[in-house]
Amino acid sequence: MPSETTALAKTTHHEALSPADASRLAAALEDSRDTTVFVNGTSVRLPEGATAAVLDLLARLAAGEAVTVSTAERLLNTSQAAQLAGVSVTYMRRLTDSGTVPVEYRGTHRRIRPADVLAWVEARNAARAAAPGPDAAAEAQPGPRA
């Protein structure tokens with residue numbers, strides 16, 4: 001199963017089924033709207049959104065089509081990214097302007113990956129934890145010896 005990963009999507013391509021397999025799948029889909037799948041012997045009833053996606057995929061395979069499946073990551077606007085990071089919108093703009101948080105532009109609108117915001121928050125928290133506090137600085141000062 002060849003796959004390709006881009007900045008915003010993971011894509012896999014699946015060849016068309018053989019005509020015999022496509023025909024059997026089409027016949028099974030014809031009268032059934034049961035959306036229970038079996039994975040390693042465990043049955044799972046799919047929620048409505050997943051049902052539509054799986055039935056669409058199966059219908060295309062049943063029609064003898066090759067299928068490419070892709071996931072698209074949700075992008076945030078500046079306000080949403082700022083809220084996720086717990087900072088002001090102005091500060092988030094500065095972070096994107098400086099390149100500290102990667103940004104994509106859709107026209108003049110900034111779009112930011114949630115994973116990039118969370119990575120920045122994690123790095124900021126790690127830097128704060130590693131930085132010596134005021135007590136550590138006082139301990140490093142030479143004092144009178146007894």
# chains A, B, ... in the order shown; residues from 1 in each chain; ligands from 1

call {"tool": "residues_around", "arguments": {"residues": "A:Arg110", "least_positions_apart": "3", "cutoff": "8 Å", "atoms": "only C-alpha atoms", "output": "VMD selection string"}}
result
chain A and resid 77 to 78 103 to 106

call {"tool": "write_last_selection", "arguments": {"atoms": "N, CA and C atoms", "output": "CSV table (one decimal), in the first residue's frame"}}
result
chain,number,residue,atom,x,y,z
A,77,ASN,N,-7.4,29.5,12.8
A,77,ASN,CA,-7.1,30.9,12.5
A,77,ASN,C,-6.3,31.4,13.7
A,78,THR,N,-5.9,32.7,13.6
A,78,THR,CA,-5.0,33.2,14.7
A,78,THR,C,-5.7,33.2,16.0
A,103,VAL,N,3.3,29.1,10.1
A,103,VAL,CA,2.0,29.6,9.6
A,103,VAL,C,1.9,29.4,8.1
A,104,GLU,N,0.7,29.2,7.6
A,104,GLU,CA,0.4,29.2,6.2
A,104,GLU,C,-0.5,30.3,5.9
A,105,TYR,N,-0.4,30.9,4.8
A,105,TYR,CA,-1.4,31.9,4.4
A,105,TYR,C,-2.3,31.4,3.3
A,106,ARG,N,-3.6,31.7,3.6
A,106,ARG,CA,-4.7,31.4,2.6
A,106,ARG,C,-5.2,32.8,2.2

call {"tool": "select_by_dssp", "arguments": {"residues": "stretch 12-78 of chain A", "states": "strand (DSSP E or B)", "output": "ChimeraX atom specification"}}
result
/A:12-14,36-39,42-45,67-72,76

call {"tool": "closest_residue", "arguments": {"among": "A:Leu29, A:Val87, A:Leu118, A:Ala81", "to": "A:Ala59", "atoms": "only C-alpha atoms"}}
result
A:Leu29

call {"tool": "select_by_dssp", "arguments": {"residues": "stretch 14-109 of chain A", "states": "helix (DSSP H, G or I)", "output": "compact mmCIF listing (two decimals) with N, CA and C atoms, in the first residue's frame"}}
result
# COMPACT_ATOMS: atom_id res chain seq x y z
N PRO A 19 -12.80 -7.48 -11.02
CA PRO A 19 -14.23 -7.41 -11.37
C PRO A 19 -15.09 -8.35 -10.54
N ALA A 20 -14.59 -9.54 -10.23
CA ALA A 20 -15.38 -10.49 -9.44
C ALA A 20 -15.57 -9.96 -8.01
N ASP A 21 -14.50 -9.45 -7.40
CA ASP A 21 -14.61 -8.90 -6.04
C ASP A 21 -15.49 -7.67 -6.02
N ALA A 22 -15.36 -6.81 -7.02
CA ALA A 22 -16.19 -5.61 -7.10
C ALA A 22 -17.66 -5.98 -7.22
N SER A 23 -17.95 -7.00 -8.01
CA SER A 23 -19.34 -7.44 -8.20
C SER A 23 -19.92 -7.98 -6.89
N ARG A 24 -19.15 -8.80 -6.16
CA ARG A 24 -19.62 -9.33 -4.88
C ARG A 24 -19.86 -8.20 -3.88
N LEU A 25 -18.96 -7.23 -3.83
CA LEU A 25 -19.11 -6.11 -2.91
C LEU A 25 -20.33 -5.27 -3.28
N ALA A 26 -20.53 -5.03 -4.57
CA ALA A 26 -21.70 -4.25 -5.02
C ALA A 26 -22.98 -4.95 -4.63
N ALA A 27 -23.03 -6.26 -4.77
CA ALA A 27 -24.23 -7.02 -4.40
C ALA A 27 -24.48 -6.93 -2.89
N ALA A 28 -23.42 -7.00 -2.09
CA ALA A 28 -23.57 -6.91 -0.64
C ALA A 28 -24.04 -5.53 -0.21
N LEU A 29 -23.60 -4.50 -0.91
CA LEU A 29 -23.98 -3.13 -0.54
C LEU A 29 -25.37 -2.75 -1.02
N GLU A 30 -25.87 -3.47 -2.03
CA GLU A 30 -27.12 -3.10 -2.68
C GLU A 30 -28.29 -2.95 -1.72
N GLU A 48 -22.45 7.83 12.56
CA GLU A 48 -23.00 8.31 11.29
C GLU A 48 -21.93 8.87 10.33
N GLY A 49 -21.03 9.71 10.82
CA GLY A 49 -20.01 10.30 9.95
C GLY A 49 -19.09 9.25 9.34
N ALA A 50 -18.69 8.29 10.16
CA ALA A 50 -17.83 7.23 9.66
C ALA A 50 -18.60 6.32 8.71
N THR A 51 -19.88 6.11 8.98
CA THR A 51 -20.70 5.28 8.10
C THR A 51 -20.71 5.83 6.69
N ALA A 52 -20.94 7.12 6.56
CA ALA A 52 -20.99 7.74 5.23
C ALA A 52 -19.66 7.58 4.51
N ALA A 53 -18.56 7.77 5.22
CA ALA A 53 -17.24 7.67 4.60
C ALA A 53 -16.95 6.23 4.15
N VAL A 54 -17.26 5.27 5.01
CA VAL A 54 -16.98 3.87 4.69
C VAL A 54 -17.87 3.40 3.54
N LEU A 55 -19.15 3.76 3.56
CA LEU A 55 -20.04 3.34 2.47
C LEU A 55 -19.63 3.98 1.15
N ASP A 56 -19.17 5.23 1.19
CA ASP A 56 -18.69 5.88 -0.03
C ASP A 56 -17.46 5.15 -0.57
N LEU A 57 -16.53 4.82 0.31
CA LEU A 57 -15.33 4.09 -0.09
C LEU A 57 -15.69 2.74 -0.70
N LEU A 58 -16.56 2.00 -0.02
CA LEU A 58 -16.95 0.67 -0.51
C LEU A 58 -17.70 0.76 -1.84
N ALA A 59 -18.56 1.76 -1.98
CA ALA A 59 -19.30 1.92 -3.23
C ALA A 59 -18.34 2.19 -4.39
N ARG A 60 -17.33 2.97 -4.16
CA ARG A 60 -16.36 3.26 -5.22
C ARG A 60 -15.55 2.01 -5.58
N LEU A 61 -15.16 1.25 -4.56
CA LEU A 61 -14.45 0.00 -4.84
C LEU A 61 -15.36 -0.97 -5.58
N ALA A 62 -16.64 -1.02 -5.19
CA ALA A 62 -17.59 -1.91 -5.85
C ALA A 62 -17.82 -1.51 -7.30
N THR A 78 -5.87 32.66 13.63
CA THR A 78 -5.01 33.21 14.67
C THR A 78 -5.71 33.23 16.03
N SER A 79 -6.97 33.59 16.05
CA SER A 79 -7.71 33.63 17.32
C SER A 79 -7.82 32.25 17.96
N GLN A 80 -8.12 31.24 17.14
CA GLN A 80 -8.23 29.88 17.67
C GLN A 80 -6.88 29.38 18.17
N ALA A 81 -5.81 29.68 17.44
CA ALA A 81 -4.47 29.26 17.85
C ALA A 81 -4.08 29.93 19.16
N ALA A 82 -4.40 31.23 19.29
CA ALA A 82 -4.08 31.96 20.52
C ALA A 82 -4.84 31.36 21.71
N GLN A 83 -6.10 31.03 21.49
CA GLN A 83 -6.89 30.43 22.56
C GLN A 83 -6.32 29.08 22.98
N LEU A 84 -5.92 28.27 22.00
CA LEU A 84 -5.33 26.96 22.29
C LEU A 84 -4.04 27.11 23.09
N ALA A 85 -3.23 28.11 22.75
CA ALA A 85 -1.95 28.32 23.43
C ALA A 85 -2.09 29.08 24.74
N VAL A 89 -4.09 37.21 21.02
CA VAL A 89 -4.06 37.14 19.56
C VAL A 89 -2.84 37.92 19.05
N THR A 90 -2.57 39.05 19.64
CA THR A 90 -1.41 39.86 19.23
C THR A 90 -0.11 39.08 19.41
N TYR A 91 0.01 38.40 20.54
CA TYR A 91 1.23 37.62 20.79
C TYR A 91 1.34 36.46 19.79
N MET A 92 0.22 35.81 19.48
CA MET A 92 0.25 34.72 18.50
C MET A 92 0.68 35.26 17.14
N ARG A 93 0.20 36.45 16.76
CA ARG A 93 0.64 37.05 15.50
C ARG A 93 2.15 37.26 15.50
N ARG A 94 2.68 37.75 16.61
CA ARG A 94 4.13 37.95 16.72
C ARG A 94 4.88 36.62 16.58
N LEU A 95 4.34 35.57 17.20
CA LEU A 95 4.98 34.26 17.10
C LEU A 95 5.00 33.75 15.66
N THR A 96 3.93 33.99 14.92
CA THR A 96 3.90 33.55 13.53
C THR A 96 4.77 34.45 12.66
N ASP A 97 4.78 35.76 12.94
CA ASP A 97 5.61 36.69 12.16
C ASP A 97 7.10 36.36 12.31
N SER A 98 7.49 35.94 13.51
CA SER A 98 8.91 35.64 13.77
C SER A 98 9.30 34.24 13.29

call {"tool": "atom_distance", "arguments": {"atom1": "atom CA of A:Asn125", "atom2": "atom CA of A:Ser88"}}
result
16.8 Å

call {"tool": "atom_distance", "arguments": {"atom1": "atom CA of A:Ser70", "atom2": "atom CA of A:Ala123"}}
result
29.4 Å

call {"tool": "atom_distance", "arguments": {"atom1": "atom CA of A:Pro132", "atom2": "atom CA of A:Gly99"}}
result
26.1 Å
